[in-house]
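Okay, data-v6.cif now, which holds mmCIF, C-alpha atoms and all ligand atoms:
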data_upload
#
loop_
_atom_site.group_PDB
_atom_site.id
_atom_site.type_symbol
_atom_site.label_atom_id
_atom_site.label_comp_id
_atom_site.auth_asym_id
_atom_site.auth_seq_id
_atom_site.Cartn_x
_atom_site.Cartn_y
_atom_site.Cartn_z
ATOM 1 C CA MET X 1 11.819 67.465 14.221
ATOM 2 C CA SER X 2 12.376 68.818 10.755
ATOM 3 C CA VAL X 3 13.890 72.267 10.399
ATOM 4 C CA ILE X 4 11.552 73.000 7.524
ATOM 5 C CA LYS X 5 7.897 73.517 8.267
ATOM 6 C CA LYS X 6 6.791 73.920 4.700
ATOM 7 C CA VAL X 7 8.161 74.247 1.202
ATOM 8 C CA LEU X 8 6.571 77.412 -0.136
ATOM 9 C CA ILE X 9 8.125 77.359 -3.612
ATOM 10 C CA SER X 10 9.819 74.228 -4.894
ATOM 11 C CA ARG X 11 13.095 74.089 -6.799
ATOM 12 C CA ASP X 12 11.189 72.936 -9.889
ATOM 13 C CA GLU X 13 8.872 75.936 -9.746
ATOM 14 C CA LEU X 14 11.897 78.204 -9.263
ATOM 15 C CA ASN X 15 13.709 76.640 -12.232
ATOM 16 C CA GLU X 16 10.733 77.028 -14.482
ATOM 17 C CA LYS X 17 10.231 80.669 -13.504
ATOM 18 C CA VAL X 18 13.926 81.489 -13.936
ATOM 19 C CA LYS X 19 13.848 80.019 -17.463
ATOM 20 C CA GLU X 20 10.788 82.106 -18.298
ATOM 21 C CA LEU X 21 12.410 85.290 -16.956
ATOM 22 C CA GLY X 22 15.681 84.487 -18.759
ATOM 23 C CA ASN X 23 13.856 84.135 -22.085
ATOM 24 C CA LYS X 24 11.965 87.384 -21.565
ATOM 25 C CA ILE X 25 15.112 89.340 -20.695
ATOM 26 C CA SER X 26 17.011 87.752 -23.619
ATOM 27 C CA MET X 27 14.382 89.039 -26.034
ATOM 28 C CA GLU X 28 14.057 92.477 -24.475
ATOM 29 C CA TYR X 29 17.808 93.143 -24.218
ATOM 30 C CA GLU X 30 18.919 91.635 -27.552
ATOM 31 C CA GLY X 31 21.630 93.904 -29.026
ATOM 32 C CA LYS X 32 21.804 96.053 -25.890
ATOM 33 C CA ASP X 33 24.732 96.619 -23.526
ATOM 34 C CA LEU X 34 23.442 94.927 -20.362
ATOM 35 C CA ILE X 35 24.934 94.674 -16.883
ATOM 36 C CA MET X 36 23.271 92.733 -14.091
ATOM 37 C CA VAL X 37 24.063 93.861 -10.549
ATOM 38 C CA GLY X 38 23.495 91.201 -7.894
ATOM 39 C CA VAL X 39 22.685 92.446 -4.388
ATOM 40 C CA LEU X 40 24.705 90.432 -1.856
ATOM 41 C CA LYS X 41 24.371 88.243 -0.186
ATOM 42 C CA GLY X 42 20.895 86.937 -0.898
ATOM 43 C CA GLY X 43 20.852 87.683 -4.625
ATOM 44 C CA PHE X 44 23.786 85.478 -5.581
ATOM 45 C CA ILE X 45 21.905 82.232 -6.264
ATOM 46 C CA PHE X 46 19.138 83.841 -8.282
ATOM 47 C CA LEU X 47 21.708 85.787 -10.309
ATOM 48 C CA ALA X 48 23.785 82.662 -10.965
ATOM 49 C CA ASP X 49 20.717 80.759 -12.175
ATOM 50 C CA LEU X 50 19.333 83.636 -14.197
ATOM 51 C CA ILE X 51 22.443 84.477 -16.228
ATOM 52 C CA ARG X 52 22.721 80.844 -17.321
ATOM 53 C CA GLU X 53 19.268 81.148 -18.880
ATOM 54 C CA LEU X 54 20.242 84.224 -20.911
ATOM 55 C CA LYS X 55 20.951 83.853 -24.594
ATOM 56 C CA ILE X 56 22.627 87.246 -24.887
ATOM 57 C CA PRO X 57 25.981 88.579 -23.643
ATOM 58 C CA VAL X 58 25.787 90.063 -20.157
ATOM 59 C CA GLU X 59 28.229 91.680 -17.768
ATOM 60 C CA ILE X 60 27.792 90.958 -14.064
ATOM 61 C CA ASP X 61 28.863 92.683 -10.880
ATOM 62 C CA PHE X 62 27.839 92.668 -7.227
ATOM 63 C CA ILE X 63 26.981 95.260 -4.632
ATOM 64 C CA SER X 64 26.703 94.773 -0.899
ATOM 65 C CA VAL X 65 24.655 97.110 1.272
ATOM 66 C CA SER X 66 23.641 97.434 4.870
ATOM 67 C CA SER X 67 20.997 99.547 6.558
ATOM 68 C CA TYR X 68 22.122 102.130 9.100
ATOM 69 C CA GLY X 69 21.338 101.641 12.782
ATOM 70 C CA SER X 70 18.923 99.394 14.574
ATOM 71 C CA SER X 71 15.856 101.057 13.172
ATOM 72 C CA SER X 72 17.527 99.891 9.997
ATOM 73 C CA LYS X 73 14.762 98.987 7.691
ATOM 74 C CA SER X 74 12.545 101.926 8.557
ATOM 75 C CA SER X 75 15.116 104.657 7.934
ATOM 76 C CA GLY X 76 15.696 103.740 4.295
ATOM 77 C CA VAL X 77 19.281 104.942 4.614
ATOM 78 C CA VAL X 78 21.600 102.400 3.154
ATOM 79 C CA ARG X 79 25.363 102.120 3.449
ATOM 80 C CA ILE X 80 27.381 100.655 0.602
ATOM 81 C CA ILE X 81 29.657 97.928 1.977
ATOM 82 C CA LYS X 82 30.981 96.864 -1.420
ATOM 83 C CA ASP X 83 30.332 98.897 -4.532
ATOM 84 C CA ILE X 84 30.332 97.630 -8.101
ATOM 85 C CA ASP X 85 33.751 97.833 -9.742
ATOM 86 C CA VAL X 86 32.696 98.791 -13.250
ATOM 87 C CA SER X 87 31.175 101.826 -14.903
ATOM 88 C CA ILE X 88 27.475 101.635 -15.764
ATOM 89 C CA THR X 89 27.457 104.841 -17.836
ATOM 90 C CA ASN X 90 25.549 104.298 -21.084
ATOM 91 C CA LYS X 91 24.671 100.738 -20.130
ATOM 92 C CA HIS X 92 21.345 99.093 -19.354
ATOM 93 C CA VAL X 93 21.313 97.943 -15.730
ATOM 94 C CA ILE X 94 19.188 95.273 -14.047
ATOM 95 C CA ILE X 95 19.438 95.002 -10.263
ATOM 96 C CA VAL X 96 19.006 91.395 -9.123
ATOM 97 C CA GLU X 97 17.411 90.821 -5.708
ATOM 98 C CA ASP X 98 16.257 87.740 -3.854
ATOM 99 C CA ILE X 99 13.362 89.505 -2.111
ATOM 100 C CA ILE X 100 11.629 92.868 -1.939
ATOM 101 C CA ASP X 101 10.072 93.525 1.417
ATOM 102 C CA THR X 102 9.676 97.185 2.487
ATOM 103 C CA GLY X 103 11.243 98.253 -0.828
ATOM 104 C CA LEU X 104 13.623 100.648 0.923
ATOM 105 C CA THR X 105 16.843 98.916 -0.177
ATOM 106 C CA LEU X 106 15.835 98.862 -3.826
ATOM 107 C CA LYS X 107 14.523 102.415 -3.852
ATOM 108 C CA TYR X 108 17.856 103.658 -2.523
ATOM 109 C CA LEU X 109 19.928 101.486 -4.846
ATOM 110 C CA LYS X 110 17.984 102.419 -7.942
ATOM 111 C CA GLU X 111 18.276 106.149 -7.228
ATOM 112 C CA MET X 112 21.972 105.826 -6.413
ATOM 113 C CA LEU X 113 22.745 103.920 -9.622
ATOM 114 C CA TYR X 114 20.791 106.452 -11.705
ATOM 115 C CA THR X 115 23.255 109.178 -10.643
ATOM 116 C CA ARG X 116 25.958 107.304 -12.586
ATOM 117 C CA GLY X 117 24.535 107.845 -16.055
ATOM 118 C CA PRO X 118 23.111 104.459 -17.071
ATOM 119 C CA LEU X 119 20.660 104.244 -19.977
ATOM 120 C CA ASP X 120 18.140 102.771 -17.556
ATOM 121 C CA VAL X 121 17.916 100.791 -14.316
ATOM 122 C CA LYS X 122 15.383 97.976 -13.964
ATOM 123 C CA ILE X 123 14.684 95.569 -11.129
ATOM 124 C CA ILE X 124 14.282 91.815 -11.029
ATOM 125 C CA ALA X 125 13.338 90.031 -7.813
ATOM 126 C CA ALA X 126 12.847 86.327 -7.200
ATOM 127 C CA LEU X 127 10.317 87.054 -4.434
ATOM 128 C CA ASP X 128 7.971 89.912 -3.659
ATOM 129 C CA LYS X 129 6.358 90.409 -0.241
ATOM 130 C CA PRO X 130 3.982 93.298 -1.040
ATOM 131 C CA SER X 131 2.184 93.228 2.318
ATOM 132 C CA ARG X 132 5.178 94.894 3.975
ATOM 133 C CA ARG X 133 5.888 97.574 1.387
ATOM 134 C CA LYS X 134 6.738 101.064 2.715
ATOM 135 C CA VAL X 135 7.631 102.777 -0.546
ATOM 136 C CA ASP X 136 6.348 102.410 -4.079
ATOM 137 C CA ILE X 137 8.720 100.480 -6.250
ATOM 138 C CA ASP X 138 8.280 99.158 -9.769
ATOM 139 C CA ILE X 139 9.367 95.557 -10.075
ATOM 140 C CA ASP X 140 10.086 95.073 -13.757
ATOM 141 C CA TYR X 141 10.586 91.318 -13.594
ATOM 142 C CA LYS X 142 9.165 89.232 -10.788
ATOM 143 C CA GLY X 143 9.384 85.591 -9.791
ATOM 144 C CA PHE X 144 6.744 84.959 -7.130
ATOM 145 C CA THR X 145 4.529 87.005 -4.840
ATOM 146 C CA ILE X 146 4.601 85.542 -1.319
ATOM 147 C CA PRO X 147 2.543 86.085 1.853
ATOM 148 C CA ASP X 148 3.905 87.801 4.963
ATOM 149 C CA GLU X 149 5.934 84.795 6.130
ATOM 150 C CA PHE X 150 9.642 84.680 6.933
ATOM 151 C CA VAL X 151 11.239 82.509 4.275
ATOM 152 C CA VAL X 152 14.666 80.973 3.834
ATOM 153 C CA GLY X 153 16.479 79.143 1.068
ATOM 154 C CA TYR X 154 17.352 80.054 -2.516
ATOM 155 C CA GLY X 155 19.802 82.653 -1.145
ATOM 156 C CA LEU X 156 17.706 83.823 1.803
ATOM 157 C CA ASP X 157 19.065 83.283 5.311
ATOM 158 C CA TYR X 158 18.014 82.984 8.902
ATOM 159 C CA ALA X 159 20.917 83.900 11.263
ATOM 160 C CA SER X 160 23.292 83.578 8.282
ATOM 161 C CA LYS X 161 22.270 79.991 7.539
ATOM 162 C CA TYR X 162 19.870 78.110 5.234
ATOM 163 C CA ARG X 163 20.791 80.137 2.125
ATOM 164 C CA ASN X 164 21.756 76.847 0.499
ATOM 165 C CA LEU X 165 18.304 75.237 0.687
ATOM 166 C CA PRO X 166 17.242 74.686 -2.932
ATOM 167 C CA ASP X 167 13.559 75.438 -2.231
ATOM 168 C CA VAL X 168 12.022 78.561 -0.677
ATOM 169 C CA CYS X 169 10.919 77.338 2.748
ATOM 170 C CA ILE X 170 9.172 78.424 5.898
ATOM 171 C CA LEU X 171 11.155 77.338 8.947
ATOM 172 C CA ASN X 172 9.730 75.467 11.884
ATOM 173 C CA GLU X 173 9.159 77.995 14.715
ATOM 174 C CA GLU X 174 11.180 75.772 17.078
ATOM 175 C CA ILE X 175 14.320 76.925 15.307
ATOM 176 C CA TYR X 176 13.751 80.525 16.446
ATOM 177 C CA LYS X 177 13.705 79.401 20.070
ATOM 178 C CA SER X 178 16.985 77.537 19.924
HETATM 179 O O1 LIG H 1 12.832 95.561 0.750
HETATM 180 P P1 LIG H 1 13.690 95.665 1.985
HETATM 181 O O2 LIG H 1 12.882 95.755 3.245
HETATM 182 O O3 LIG H 1 14.705 96.740 1.880
HETATM 183 O O4 LIG H 1 14.423 94.260 2.187
HETATM 184 C C1 LIG H 1 15.032 93.569 1.147
HETATM 185 C C2 LIG H 1 16.475 93.363 1.450
HETATM 186 O O5 LIG H 1 16.619 92.584 2.637
HETATM 187 C C3 LIG H 1 17.359 91.406 2.337
HETATM 188 O O6 LIG H 1 18.715 91.583 2.547
HETATM 189 P P2 LIG H 1 19.416 91.449 3.968
HETATM 190 O O7 LIG H 1 19.550 92.819 4.554
HETATM 191 O O8 LIG H 1 18.708 90.407 4.774
HETATM 192 O O9 LIG H 1 20.887 90.979 3.573
HETATM 193 P P3 LIG H 1 21.412 89.604 2.914
HETATM 194 O O10 LIG H 1 20.928 89.572 1.485
HETATM 195 O O11 LIG H 1 22.900 89.727 3.002
HETATM 196 O O12 LIG H 1 20.859 88.458 3.737
HETATM 197 C C4 LIG H 1 17.136 91.198 0.849
HETATM 198 O O13 LIG H 1 18.191 90.462 0.257
HETATM 199 C C5 LIG H 1 17.069 92.579 0.298
HETATM 200 O O14 LIG H 1 18.335 93.099 -0.032
HETATM 201 N N1 LIG H 2 15.612 85.558 4.955
HETATM 202 C C1 LIG H 2 14.694 86.495 4.769
HETATM 203 N N2 LIG H 2 15.056 87.781 4.639
HETATM 204 C C2 LIG H 2 14.065 88.680 4.431
HETATM 205 N N3 LIG H 2 14.145 90.013 4.287
HETATM 206 C C3 LIG H 2 12.898 90.448 4.110
HETATM 207 N N4 LIG H 2 12.002 89.444 4.144
HETATM 208 C C4 LIG H 2 12.722 88.318 4.360
HETATM 209 C C5 LIG H 2 12.366 86.940 4.505
HETATM 210 O O1 LIG H 2 11.193 86.517 4.445
HETATM 211 N N5 LIG H 2 13.399 86.088 4.704
#
Serialized structure, structure tokens:
Amino acid sequence: MSVIKKVLISRDELNEKVKELGNKISMEYEGKDLIMVGVLKGGFIFLADLIRELKIPVEIDFISVSSYGSSSKSSGVVRIIKDIDVSITNKHVIIVEDIIDTGLTLKYLKEMLYTRGPLDVKIIAALDKPSRRKVDIDIDYKGFTIPDEFVVGYGLDYASKYRNLPDVCILNEEIYKS
């Protein structure tokens, strides 16, 4: 039995979209002091692909967050596990996410980064799952809108695995039972 039930978004589609987004950001941030902040762990592959499609200088850093408690995702309270190391004051910031689901992580992160005096904070997400949104959040740059399915690959995990799959996939349900 294959672990993958279905490829939802292929690596070729991802590559094409990342190129498109890279060109758009290169034009819009030409001559500006830009820092991209990857949200660990899931955002690392998208960020790595994206920055190699940029034609402008860019600084990168990473942040790692975790939701408090078991009611985690509904509380919207986020704990910083690893903060960025650099100042973002007077810089343009783009937060890089693999997926936006309820929107709670991004809402918190955006507000938190705004307290540090950046010129602005925008959001780019490879995937958007709008059916599960709990808070309004502007996604400035978006890869793909997906249905309410649990996906893995392209940075996204199930039980800490499958982040390395090059396509965005839906897993075979059998895997959840094992
Ligand atoms: O919109 P939300 O409902 O807040 O969910 C989105 C967040 O959830 C996922 O991270 P996860 O907590 O699975 O951590 P990981 O990236 O380390 O796998 C994803 O990478 C986003 O950071
Ligand atoms: N791996 C994974 N993490 C998520 N976090 C929110 N939605 C998803 C999803 O579909 N897959």
For ligand LIG 2 (chain H), which residue out of X:Leu34, X:Ile80, X:Leu113, X:Ile100 is the nearest one, using all atoms listed in the file?
X:Ile100
Site check for ligand LIG 2 (chain H): residues at most 9 Å away, only C-alpha atoms and all ligand atoms, as a ChimeraX atom specification:
/X:42,98-102,127-129,132,146,148-153,155-160,162-163,170
Those residues with C-alpha atoms, as a PDB file, in the coordinates of the input please?
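Final output, saved to result-v5.pdb:
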ATOM      1  CA  GLY X  42      20.895  86.937  -0.898  1.00  0.00           C
ATOM      2  CA  ASP X  98      16.257  87.740  -3.854  1.00  0.00           C
ATOM      3  CA  ILE X  99      13.362  89.505  -2.111  1.00  0.00           C
ATOM      4  CA  ILE X 100      11.629  92.868  -1.939  1.00  0.00           C
ATOM      5  CA  ASP X 101      10.072  93.525   1.417  1.00  0.00           C
ATOM      6  CA  THR X 102       9.676  97.185   2.487  1.00  0.00           C
ATOM      7  CA  LEU X 127      10.317  87.054  -4.434  1.00  0.00           C
ATOM      8  CA  ASP X 128       7.971  89.912  -3.659  1.00  0.00           C
ATOM      9  CA  LYS X 129       6.358  90.409  -0.241  1.00  0.00           C
ATOM     10  CA  ARG X 132       5.178  94.894   3.975  1.00  0.00           C
ATOM     11  CA  ILE X 146       4.601  85.542  -1.319  1.00  0.00           C
ATOM     12  CA  ASP X 148       3.905  87.801   4.963  1.00  0.00           C
ATOM     13  CA  GLU X 149       5.934  84.795   6.130  1.00  0.00           C
ATOM     14  CA  PHE X 150       9.642  84.680   6.933  1.00  0.00           C
ATOM     15  CA  VAL X 151      11.239  82.509   4.275  1.00  0.00           C
ATOM     16  CA  VAL X 152      14.666  80.973   3.834  1.00  0.00           C
ATOM     17  CA  GLY X 153      16.479  79.143   1.068  1.00  0.00           C
ATOM     18  CA  GLY X 155      19.802  82.653  -1.145  1.00  0.00           C
ATOM     19  CA  LEU X 156      17.706  83.823   1.803  1.00  0.00           C
ATOM     20  CA  ASP X 157      19.065  83.283   5.311  1.00  0.00           C
ATOM     21  CA  TYR X 158      18.014  82.984   8.902  1.00  0.00           C
ATOM     22  CA  ALA X 159      20.917  83.900  11.263  1.00  0.00           C
ATOM     23  CA  SER X 160      23.292  83.578   8.282  1.00  0.00           C
ATOM     24  CA  TYR X 162      19.870  78.110   5.234  1.00  0.00           C
ATOM     25  CA  ARG X 163      20.791  80.137   2.125  1.00  0.00           C
ATOM     26  CA  ILE X 170       9.172  78.424   5.898  1.00  0.00           C
TER      27      ILE X 170
END
Decode the PyMOL selection byres (((chain X and resi 56-64) around 6) and not hetatm) for the given file into explicit residues and return them as a PyMOL selection string.
chain X and resi 26+34-40+54-55+65+81-84
Correct to one decimal, the distance atom CA of Asp167 of chain X-atom CA of Asn15 of chain X is 10.1 Å
Choose the residue, out of X:Ile88, X:Leu106, X:Val121, X:Ile175, that has the smallest atom-to-atom separation from ligand LIG 1 (chain H); count all atoms listed in the file.
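Distance minimum relative to ligand LIG 1 (chain H) lands on X:Leu106.
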For atom CA of Gly31 of chain X and atom CA of Leu47 of chain X, determine how far apart the two atoms are, in Å to one decimal place.
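These two atoms are separated by 20.4 Å.
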Build an axis-aligned box that encloses every atom of ligand LIG 1 (chain H) listed in the file, pad it by 4 Å on each side, and report its centre and edge lengths in Å to one decimal, as AutoDock Vina command-line options.
--center_x 17.9 --center_y 92.6 --center_z 2.4 --size_x 18.1 --size_y 16.3 --size_z 12.8
Residue by residue, what does the PyMOL selection byres (((chain X and resi 138) around 12) and not hetatm) grab here? Present the result as an MDAnalysis selection string.
chainID X and resid 95 100 103 106:107 110 121:125 128 130 133 135:137 139:142
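Among the candidates X:Ala126, X:Leu119, X:Cys169, X:Val93, the one nearest to Lys17 of chain X when counting all atoms listed in the file is X:Ala126.
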Find the residue from X:Gly143, X:Gly43, X:Gly76, X:Pro118 that sits nearest to Leu104 of chain X; use only C-alpha atoms when measuring.
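Closest candidate: X:Gly76.
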One decimal, Å: what's the distance from atom CA of Asp33 of chain X over to atom CA of His92 of chain X, could you say?
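Here the two named atoms are 5.9 Å from each other.
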Test item: residues at most 10 Å from Ser2 of chain X, only C-alpha atoms, excluding those fewer than 3 positions along its chain, as a PDB file with C-alpha atoms, keeping the file's coordinate frame:
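File produced: result-v2.pdb:
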ATOM      1  CA  LYS X   5       7.897  73.517   8.267  1.00  0.00           C
ATOM      2  CA  LYS X   6       6.791  73.920   4.700  1.00  0.00           C
ATOM      3  CA  LEU X 171      11.155  77.338   8.947  1.00  0.00           C
ATOM      4  CA  ASN X 172       9.730  75.467  11.884  1.00  0.00           C
ATOM      5  CA  GLU X 174      11.180  75.772  17.078  1.00  0.00           C
ATOM      6  CA  ILE X 175      14.320  76.925  15.307  1.00  0.00           C
TER       7      ILE X 175
END
Residue with smallest distance to ligand LIG 1 (chain H) - pool X:Ile45, X:Leu50, X:Val18, X:Leu165, counting only C-alpha atoms and all ligand atoms:
X:Ile45
Within 9 Å of Arg11 of chain X, counting only C-alpha atoms, which residues show up once you throw out same-chain ones fewer than 5 positions away? Write them as a PyMOL selection string, please.
chain X and resi 16+154+166-168
X:Leu109, X:Ser87, X:Ile94, X:Glu30 ranked by distance to Ser66 of chain X, top pick (using only C-alpha atoms):
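Under the stated criterion, the closest residue is X:Leu109.
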Taking the partial coordinates given, rebuild segment 88-100 of chain X to contain N, CA and C atoms; return it as a PDB file, in the coordinates of the input.
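Saved as out-v4.pdb:
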ATOM      1  N   ILE X  88      28.773 102.004 -15.174  1.00  0.00           N
ATOM      2  CA  ILE X  88      27.475 101.635 -15.764  1.00  0.00           C
ATOM      3  C   ILE X  88      26.983 102.737 -16.711  1.00  0.00           C
ATOM      4  N   THR X  89      27.835 103.735 -16.949  1.00  0.00           N
ATOM      5  CA  THR X  89      27.457 104.841 -17.836  1.00  0.00           C
ATOM      6  C   THR X  89      27.144 104.303 -19.233  1.00  0.00           C
ATOM      7  N   ASN X  90      26.009 104.729 -19.750  1.00  0.00           N
ATOM      8  CA  ASN X  90      25.549 104.298 -21.084  1.00  0.00           C
ATOM      9  C   ASN X  90      25.291 102.798 -21.196  1.00  0.00           C
ATOM     10  N   LYS X  91      25.038 102.159 -20.097  1.00  0.00           N
ATOM     11  CA  LYS X  91      24.671 100.738 -20.130  1.00  0.00           C
ATOM     12  C   LYS X  91      23.251 100.577 -19.579  1.00  0.00           C
ATOM     13  N   HIS X  92      22.626  99.469 -19.952  1.00  0.00           N
ATOM     14  CA  HIS X  92      21.345  99.093 -19.354  1.00  0.00           C
ATOM     15  C   HIS X  92      21.653  98.256 -18.108  1.00  0.00           C
ATOM     16  N   VAL X  93      21.026  98.630 -16.998  1.00  0.00           N
ATOM     17  CA  VAL X  93      21.313  97.943 -15.730  1.00  0.00           C
ATOM     18  C   VAL X  93      20.064  97.194 -15.255  1.00  0.00           C
ATOM     19  N   ILE X  94      20.261  95.973 -14.772  1.00  0.00           N
ATOM     20  CA  ILE X  94      19.188  95.273 -14.047  1.00  0.00           C
ATOM     21  C   ILE X  94      19.733  94.897 -12.675  1.00  0.00           C
ATOM     22  N   ILE X  95      19.061  95.377 -11.633  1.00  0.00           N
ATOM     23  CA  ILE X  95      19.438  95.002 -10.263  1.00  0.00           C
ATOM     24  C   ILE X  95      18.753  93.672  -9.937  1.00  0.00           C
ATOM     25  N   VAL X  96      19.530  92.740  -9.402  1.00  0.00           N
ATOM     26  CA  VAL X  96      19.006  91.395  -9.123  1.00  0.00           C
ATOM     27  C   VAL X  96      18.902  91.169  -7.612  1.00  0.00           C
ATOM     28  N   GLU X  97      17.682  91.002  -7.148  1.00  0.00           N
ATOM     29  CA  GLU X  97      17.411  90.821  -5.708  1.00  0.00           C
ATOM     30  C   GLU X  97      16.733  89.488  -5.435  1.00  0.00           C
ATOM     31  N   ASP X  98      16.981  88.946  -4.250  1.00  0.00           N
ATOM     32  CA  ASP X  98      16.257  87.740  -3.854  1.00  0.00           C
ATOM     33  C   ASP X  98      14.833  88.082  -3.426  1.00  0.00           C
ATOM     34  N   ILE X  99      14.694  89.188  -2.634  1.00  0.00           N
ATOM     35  CA  ILE X  99      13.362  89.505  -2.111  1.00  0.00           C
ATOM     36  C   ILE X  99      13.180  91.019  -1.974  1.00  0.00           C
ATOM     37  N   ILE X 100      11.981  91.476  -2.223  1.00  0.00           N
ATOM     38  CA  ILE X 100      11.629  92.868  -1.939  1.00  0.00           C
ATOM     39  C   ILE X 100      10.570  92.854  -0.857  1.00  0.00           C
TER      40      ILE X 100
END
